[in-house]
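Novice: Sharing a structure, written as structure tokens. Questions coming.
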Amino acid sequence: MFGYYLALALRSLRRNPVLTGLMVLSIAVGIGAAMTTLTVLHLLSGDPLPGKSETIFIPQLDPRPASRPGQRPFDKLDYITAMDLWRLGRPDRQAMVAESEVKLRAADAGTPALMTQMLSTQSGFFPMFQVPFAHGGAWSAQDDEDHARVAVISADLNNRLFAGKNSVGQHLRIRDADVRIVGVLAPWRPSPQFYTLAGGSFAHGDTASFYGKPQDVFMPMSSALEVNGQHMQPWTCFGSAPTPMNLTTAPCVWLQLWVELDNPLKVAQYRRLLSDYASQQKASGRIGISETARLQSLPQWLDHNRVVPSDARLQSWLAVAFLGLCLFNAIGLLLAKFLRRSGEIGVRRALGASRKDIFGQCLAEAGLIGLIGGVLGWMLTLLGLWVVRQQPVEYADMIGMNLWSFLLTFAAAIACSVVAGVFPAMRASRIAPAMQLKAL
């Protein structure tokens, strides 16, 4: 029966190619616009640590003294607080992180130095965030204690300095120090770059920078402070800082502490530890407020920082609204097309065709229009995503069509056309055969 409906639908579409083309174009343009923006939104709002994000937490505490109280804690910690929590806490894994700009070159090559981004952290960073390695591995916890001059580099930096070869054992010249490479990352691009995320609640939706590429160099926090400490910058200060600034003692927040807690009991214990520590620090007079101390999971942290750019959200809403307008246009065109065939439909009804047959044929016709519109909409989506990749935003090179968006494009096109065809098909199926035969 479906094949019969389909054959009739193909015949009907060939009868009026101009009207058919307008309906296909209406569906395709709406689907192309909607799927382009929804694909971008889907990629930007994804989970950066699938299956593990609920076990990753970031503690917050306001280090400001009683003379300068705040309403809520900063998105980063001062060094004293971070080190205290590092020593007191017993999570499954933990790591401090601080980003800074660094000047480096390959120690054994005559290539000029380049400026890039370095992440100062600890050995727990790599297993906690499931960072993949192409060569070598992370440094050890003992290297953190020994202030070892070791580093892990990104795949991009390895390609630039060592032509993509295994560079484990080679040396980098970072500032005035020689640093041995112990690991080279495989291509890795968390989206967003959650582990340095901060300040999103004050960005007013301008959060595209959160989707930048990861740092090129990773060094132990202990040795990075010795090698590049004078070039690290505070995120914000809440008191007078000496010049030159020593971030380990300055009244400034500039680093974050991430912890992994794999069950609710450990989460409750760490929250209690954080609350007790804040109360103790308030009693000693070092901080002014203890009530704002809190522990947020990674999903809560992403929500707190409103990571998805506001322009991506706005474009998605506008595209969906445009798709709605295209559907109304398609409904009008289908209704006009079906009603123009009132005489034909009346004759078929008089010859024994049921309302169900008429409805099925019209709906099959609408579905076929949707399928053709889906093919064209898929091509328009590819064009739209290519246009997005040309934009000067940090996430542009991440944008592409995956299997999810490919299948959804066709499903959405067929679903929209069928929905658009329901009302015209019902109207057509209710045409009275007697009136049409009388008119003939």
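Chain identifiers are assigned as A, B, and so on, following the order in which chains appear in the structure tokens; residues are numbered from 1 within each chain, and ligands are numbered from 1 in order of appearance.
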When you look at A:Phe129 with a cut-off of 12 Å (counting only C-alpha atoms), what residues show up, excluding the ones that are within fewer than 4 positions of it in the same chain? I need them as a count of residues only.
Specialist: 26
Novice: Within 10 Å of A:Ala208, counting only C-alpha atoms, which residues show up once you throw out same-chain ones fewer than 2 positions away? Write them as number ranges by chain, please.
Specialist: A: 44, 192, 203, 205-206, 210-212, 307-312, 393-396
Novice: At a cut-off of 6 Å, using only C-alpha atoms, what residues contact stretch 219-230 of chain A? Leave out same-chain residues fewer than 3 positions from it and give the result as an MDAnalysis selection string.
Specialist: chainID A and resid 120:122 144 147 151
Novice: List every residue of stretch 46-125 of chain A that has an atom at most 7 Å from any atom of stretch 285-295 of chain A, giving for each one its closest atom pair and the distance in Å to one decimal, counting only C-alpha atoms, sorted by chain and then by ascending residue number, as a Markdown table.
Specialist:
```
| residue | atom | partner | partner_atom | distance |
| --- | --- | --- | --- | --- |
| A:Phe57 | CA | A:Leu295 | CA | 6.4 |
| A:Ile58 | CA | A:Leu295 | CA | 5.7 |
| A:Pro59 | CA | A:Leu295 | CA | 4.4 |
| A:Gln60 | CA | A:Arg294 | CA | 5.3 |
| A:Leu61 | CA | A:Ala293 | CA | 4.4 |
| A:Asp62 | CA | A:Thr292 | CA | 6.8 |
| A:Pro63 | CA | A:Ile287 | CA | 5.2 |
| A:Arg64 | CA | A:Ile287 | CA | 5.3 |
| A:Pro65 | CA | A:Ile287 | CA | 4.2 |
| A:Ala66 | CA | A:Gly288 | CA | 3.6 |
| A:Pro69 | CA | A:Gly288 | CA | 5.9 |
| A:Arg72 | CA | A:Thr292 | CA | 5.7 |
| A:Pro73 | CA | A:Thr292 | CA | 6.1 |
```
Novice: Would you output that residue set with N, CA and C atoms, as a short mmCIF file (atom, residue, chain, number, x, y, z; two decimals), in the first residue's frame?
Specialist:
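Output file out-v8.cif is given in full below:
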```
data_model
loop_
_atom_site.label_atom_id
_atom_site.label_comp_id
_atom_site.auth_asym_id
_atom_site.auth_seq_id
_atom_site.Cartn_x
_atom_site.Cartn_y
_atom_site.Cartn_z
N PHE A 57 35.35 17.92 40.69
CA PHE A 57 34.86 19.04 41.49
C PHE A 57 35.92 20.12 41.61
N ILE A 58 35.43 21.34 41.83
CA ILE A 58 36.33 22.47 42.07
C ILE A 58 35.90 23.18 43.36
N PRO A 59 36.79 23.28 44.34
CA PRO A 59 36.45 24.00 45.58
C PRO A 59 36.64 25.51 45.41
N GLN A 60 35.79 26.27 46.07
CA GLN A 60 35.88 27.72 46.07
C GLN A 60 35.86 28.24 47.50
N LEU A 61 36.63 29.29 47.72
CA LEU A 61 36.67 29.93 49.04
C LEU A 61 37.11 31.37 48.84
N ASP A 62 36.46 32.29 49.54
CA ASP A 62 36.79 33.71 49.41
C ASP A 62 37.92 34.05 50.37
N PRO A 63 39.13 34.39 49.86
CA PRO A 63 40.26 34.67 50.74
C PRO A 63 40.34 36.11 51.23
N ARG A 64 39.35 36.93 50.88
CA ARG A 64 39.44 38.34 51.26
C ARG A 64 39.28 38.53 52.77
N PRO A 65 40.01 39.45 53.34
CA PRO A 65 39.92 39.69 54.79
C PRO A 65 38.61 40.36 55.18
N ALA A 66 38.38 40.47 56.47
CA ALA A 66 37.13 41.05 56.97
C ALA A 66 36.95 42.50 56.53
N PRO A 69 35.14 42.31 52.55
CA PRO A 69 34.32 41.12 52.31
C PRO A 69 33.68 41.14 50.93
N ARG A 72 30.38 36.70 47.10
CA ARG A 72 30.58 35.31 46.69
C ARG A 72 32.05 35.10 46.40
N PRO A 73 32.52 33.86 46.40
CA PRO A 73 33.94 33.62 46.21
C PRO A 73 34.38 33.88 44.77
#
```
Novice: Find the distance between atom CA of A:Pro127 and atom CA of A:Pro91 and write it in Å to one decimal.
Specialist: 13.4 Å
Novice: My list of candidates is A:Asn329, A:Gln391, A:Ser316, A:Ser209. Which is closest to A:Leu38 when distances are computed with only C-alpha atoms?
Specialist: A:Ser316
